[in-house]
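> Below is the structure I would like to discuss, written out as structure tokens.
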Amino acid sequence: MKLPHLLTVDGLSRSQITTLLDTAVEMEAVGHREVKKIPALRGVTIVNAFFEDSTRTRMSFDLAAKRLSADTMAFSSKGSSTAKGESLRDTVLTIAAMGVDGFVIRHMGSGAPQRAMDWTGLPVVNAGDGMHGHPTQALLDAYAMRQKLGDLEGKHVAIVGDLFHSRVVRSNLTCLRTLGAKVTLVAPPTLLPQGIREWPNVDDGVAITTHLDDVVPTVDALMMLRVQRERMSGGFFPSEAEYTDGWGLTRERLTRLPEHAVICHPGPMNRGLEIAPEAADNARSLILDQVNAGVSVRMAVLFHIFAGDPTPDAAPANDSTPAAAGNENEGSK
Amino acid sequence: MKLPHLLTVDGLSRSQITTLLDTAVEMEAVGHREVKKIPALRGVTIVNAFFEDSTRTRMSFDLAAKRLSADTMAFSSKGSSTAKGESLRDTVLTIAAMGVDGFVIRHMGSGAPQRAMDWTGLPVVNAGDGMHGHPTQALLDAYAMRQKLGDLEGKHVAIVGDLFHSRVVRSNLTCLRTLGAKVTLVAPPTLLPQGIREWPNVDDGVAITTHLDDVVPTVDALMMLRVQRERMSGGFFPSEAEYTDGWGLTRERLTRLPEHAVICHPGPMNRGLEIAPEAADNARSLILDQVNAGVSVRMAVLFHIFAGDPTPDAAPANDSTPAAAGNENEGSK
Amino acid sequence: MKLPHLLTVDGLSRSQITTLLDTAVEMEAVGHREVKKIPALRGVTIVNAFFEDSTRTRMSFDLAAKRLSADTMAFSSKGSSTAKGESLRDTVLTIAAMGVDGFVIRHMGSGAPQRAMDWTGLPVVNAGDGMHGHPTQALLDAYAMRQKLGDLEGKHVAIVGDLFHSRVVRSNLTCLRTLGAKVTLVAPPTLLPQGIREWPNVDDGVAITTHLDDVVPTVDALMMLRVQRERMSGGFFPSEAEYTDGWGLTRERLTRLPEHAVICHPGPMNRGLEIAPEAADNARSLILDQVNAGVSVRMAVLFHIFAGDPTPDAAPANDSTPAAAGNENEGSK
């Protein structure tokens with residue numbers, strides 16, 4: 001499978017998502033080898049352009065690229081010409097003109113990755129744009145859940161928290177529905193987006209409620225969203241105590257979670273606010289599995305974008321399909 | 001050809017510059033291979049020491065080094081001992097003592113790269129020092145123009161803008177004159193350096209004027225210099241409107257530019273100030289070609305400094321001459 | 001020898017330290033090869049997590065890792081979730097979950113590297129923690145002195161300066177005593193830690209005094225500690241003039257230093273305060289040798305932690321013992 005880009009999970013078919021997750025399983029195996037690299041993207045240069053800080057996402061993409069033997073370059077808008085007023089268009093055109101092969105872009109503006117791709121003609125991976133989407137987060141969440149729960153068809157996943165500001169909820173909703181999961185969205189009344197029932201991905205398989213307690217005993221997976229404390233002063237956010245009381249995964253709610261159900265959180269956590277330490281560190285918590293899945297899923301995404309259809313003399317076939325990709329030591333013999 | 005360093009274009013012969021540009025042509029071809037790397041500088045560590053921010057120049061050098069398989073380390077003065085008052089001498093001696101192979105240095109002080117070389121005995125590439133010079137910018141400008149105009153002998157290049165503060169004008173003037181081009185320097189009266197007619201590189205082939213309109217119809221290339229807005233408050237700078245009116249490449253002037261003539265700008269641009277969007281995005285604009293040329297020219301410079309005369313058992317001959325440098329995949333077979 | 005970590009020099013036997021220093025000798029030789037790399041840590045990812053700025057220590061570890069062909073990732077707490085209040089535990093667990101192989105940690109909190117190791121189960125190298133220790137600095141000091149003075153058994157080393165705040169004095173004292181050197185600690189009365197005579201590593205071979213002049217003619221090595229100017233306003237610090245007068249290595253004291261004795265300083269220096277320029281730049285000064293030793297010693301430490309016991313098919317024996325580690329070019333043939 002050759003992907004031209006990953007701007008959004010909208011439009012990805014169930015079979016495409018499944019292929020990505022299956023490739024990620026093979027990529028995870030690379031991390032357990034003696035030499036944790038494959039030469040699939042040797043000579044490929046990927047620019048991690050983060051117009052918005054996100055240390056963990058940047059590190060995850062960087063590690064994924066390195067495991068595929070790509071070269072990476074970091075672009076941060078701080079201290080750059082962007083800070084001096086250069087437009088996004090001129091910035092990405094300039095970097096593209098250096099002859100790099102593609103971008104991973106995080107930007108506060110919804111649609112910025114799409115525009116960067118239109119301007120440069122290079123493949124772009126969206127690493128989070130405004131409140132629009134965060135497709136690799138949705139894929140890694142699906143990956144981590146699938147590893148524990150099996151096929152997500154018919155599984156019940158609740159997404160709990162600040163649906164209004166979250167950039168992951170739309171991506172997750174689409175990804176989970178495409179994979180056949182039923183989804184319940186849970187939020188305080190003031191943090192439910194007004195037109196949410198008209199969202200194109202809110203169909204018959206999606207329920208919306210403000211009552212977490214009704215939902216907890218019925219789920220296979222509980223995804224707790226991060227509370228952005230800087231948004232709590234806006235007036236329409238509940239107080240911390242109210243939030244925890246109504247929509248936090250407390251110790252008490254943990255006791256009512258089904259035995260087999262798993263707990264997700266995109267991190268970083270506000271322990272004691274949206275999630276109790278007992279839940280975060282619970283055996284059913286997938287929080288560190290999600291981080292681990294992030295590297296494997298991003299390897300898969302970069303692989304399907306940048307390593308399709310190699311010419312035979314440039315890279316032998318067994319270097320360029322993940323299934324057959326050899327240990328680097330073996331590969332060079 | 002083995003270069004000991006690249007501190008300035010002064011003193012480079014026409015044949016040396018031509019060899020650098022010819023090597024850059026071969027280096028550009030590396031960027032079109034399946035695996036965009038050659039192993040010429042494997043095991044060589046180059047420190048990008050930027051005592052002054054310049055994201056695009058740093059990225060260009062970094063990419064150039066990586067394409068040659070060198071390792072790079074970034075040194076930024078922020079948060080370092082330099083910020084705590086350590087002298088430049090102790091800083092570069094300390095980094096050199098780690099066993100690195102050379103420096104790329106950008107510094108606000110004219111002559112800093114020369115001093116760093118004297119202190120450490122290591123090869124240094126000047127990536128811009130004060131108002132003194134910026135030799136790789138001059139070489140990449142010449143490269144981009146030569147690719148479009150052919151041999152620069154007898155060609156007419158106008159350099160337009162803030163000649164007083166520009167670090168590229170001296171380097172460009174010398175480089176273009178060495179290659180046989182005629183140069184006209186154009187600036188507002190207050191931004192003409194006082195003693196400019198006595199500069200050693202201002203000879204019979206150089207004209208100086210304050211009237212851009214006379215020059216536009218006669219050029220083969222128009223190099224627009226960047227206006228540094230932070231310098232516009234100094235009192236002797238024209239207002240923005242006056243500047244554009246008298247020395248900007250406006251839409252109107254664009255119509256009077258010869259059909260075959262090209263437009264250069266070192267970037268980042270102030271669109272609408274020194275250059276109109278119609279000019280920047282024109283088919284005759286070399287602005288992105290210059291960025292692209294930057295990587296190839298810097299690869300050539302690093303190659304001629306760091307890869308001369310390899311011993312046979314360390315690197316086979318076909319790895320160390322750019323002409324014969326194989327595809328990395330082939331090389332490892 | 002396989003080391004599980006390097007949190008402190010306490011508990012390292014004389015034979016272990018000697019093995020590390022002997023390996024460092026071999027590692028130094030790698031830096032004199034045509035291709036200055038060995039493939040010992042290919043596919044190993046080491047995170048340089050610096051919760052406190054230290055450009056030179058970070059660069060030294062980064063270069064050491066790259067010479068061993070490891071991949072490195074930088075984590076800096078600035079702009080990260082740590083800055084937003086994430087706990088150290090969640091931060092290191094998250095990075096570890098990405099599948100990295102180990103950490104180099106610098107932190108203002110004593111014991112942070114130990115805790116990071118306990119939480120993650122990954123090997124950790126302490127790159128300086130609070131006032132607790134800085135084991136690689138102690139090892140590189142010993143290395144540099146041993147290269148000039150030979151076996152340190154019975155040698156007399158004076159450590160001079162701010163014993164109260166220094167993080168290196170404890171590590172150096174232990175390391176030097178373990179290697180059989182006699183140590184004299186010299187400090188202004190106000191900068192002698194109160195209970196210093198009860199420190200476990202202050203035994204019969206250690207003398208403590210406030211009089212530098214008595215000590216100078218008797219030493220084989222004089223280690224001048226750095227004065228942290230930001231601590232001088234605390235009230236109990238002597239004035240700059242008093243400090244230099246009583247505890248600085250002045251030009252005058254330099255004349256009374258034995259011919260064969262060497263001068264050390266961990267850098268960065270305050271020239272003219274704790275050390276006169278004549279001493280810093282003297283032929284007997286090891287200051288740049290220490291920097292150079294830093295890379296070799298850190299290569300040795302990383303090697304013994306991350307390259308023990310490779311399985312035969314993952315890396316041939318001659319890649320994984322430093323003594324036999326071939327030139328990278330030869331290795332790939």
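Labeling convention for the structure tokens: chains A, B, ... as they appear, residues from 1 per chain, ligands from 1 in order of appearance.
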So that I can check the surroundings of B:Thr19, please list as a list in words every protein, DNA and RNA residue that reaches within 12 Å of it, counting only C-alpha atoms and ignoring chain neighbours fewer than 6 positions away.
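The residues that qualify are Met1, Lys2, Leu3, Leu12, Ser13, Val25, Glu26, Leu139, Tyr143, Leu179, Val297, Ala300, Val301, Phe303, His304 and Pro322 of chain B.
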> If you run DSSP on the backbone, which residues of stretch 28-204 of chain C are strand (DSSP E), as a PyMOL selection string?
chain C and resi 45-50+71-76+102-107+124-129+156-160+182-186
> Got a sec to pull out which chain C residues are within 8 Å of chain B, counting only C-alpha atoms, and send them as a PyMOL selection string?
chain C and resi 31+34-37+53-56+59-60+63+66-67+268-270+288-289+291-295+327+329-330+332-333
> Write out as a ChimeraX atom specification the residues lying within 8 Å of C:Leu6, counting only C-alpha atoms and excluding same-chain residues fewer than 3 positions away.
/C:3,9,123-126,135,301
> With only C-alpha atoms as the counted atoms, please give the residues lying no more than 9 Å from C:His107, apart from itself and same-chain residues fewer than 6 positions off, as a list in words.
Ala49, Phe50, Phe51, Glu52, Asp53, Pro113, Asn126, Ala127, Gly128, Asp129 and Gly130 of chain C
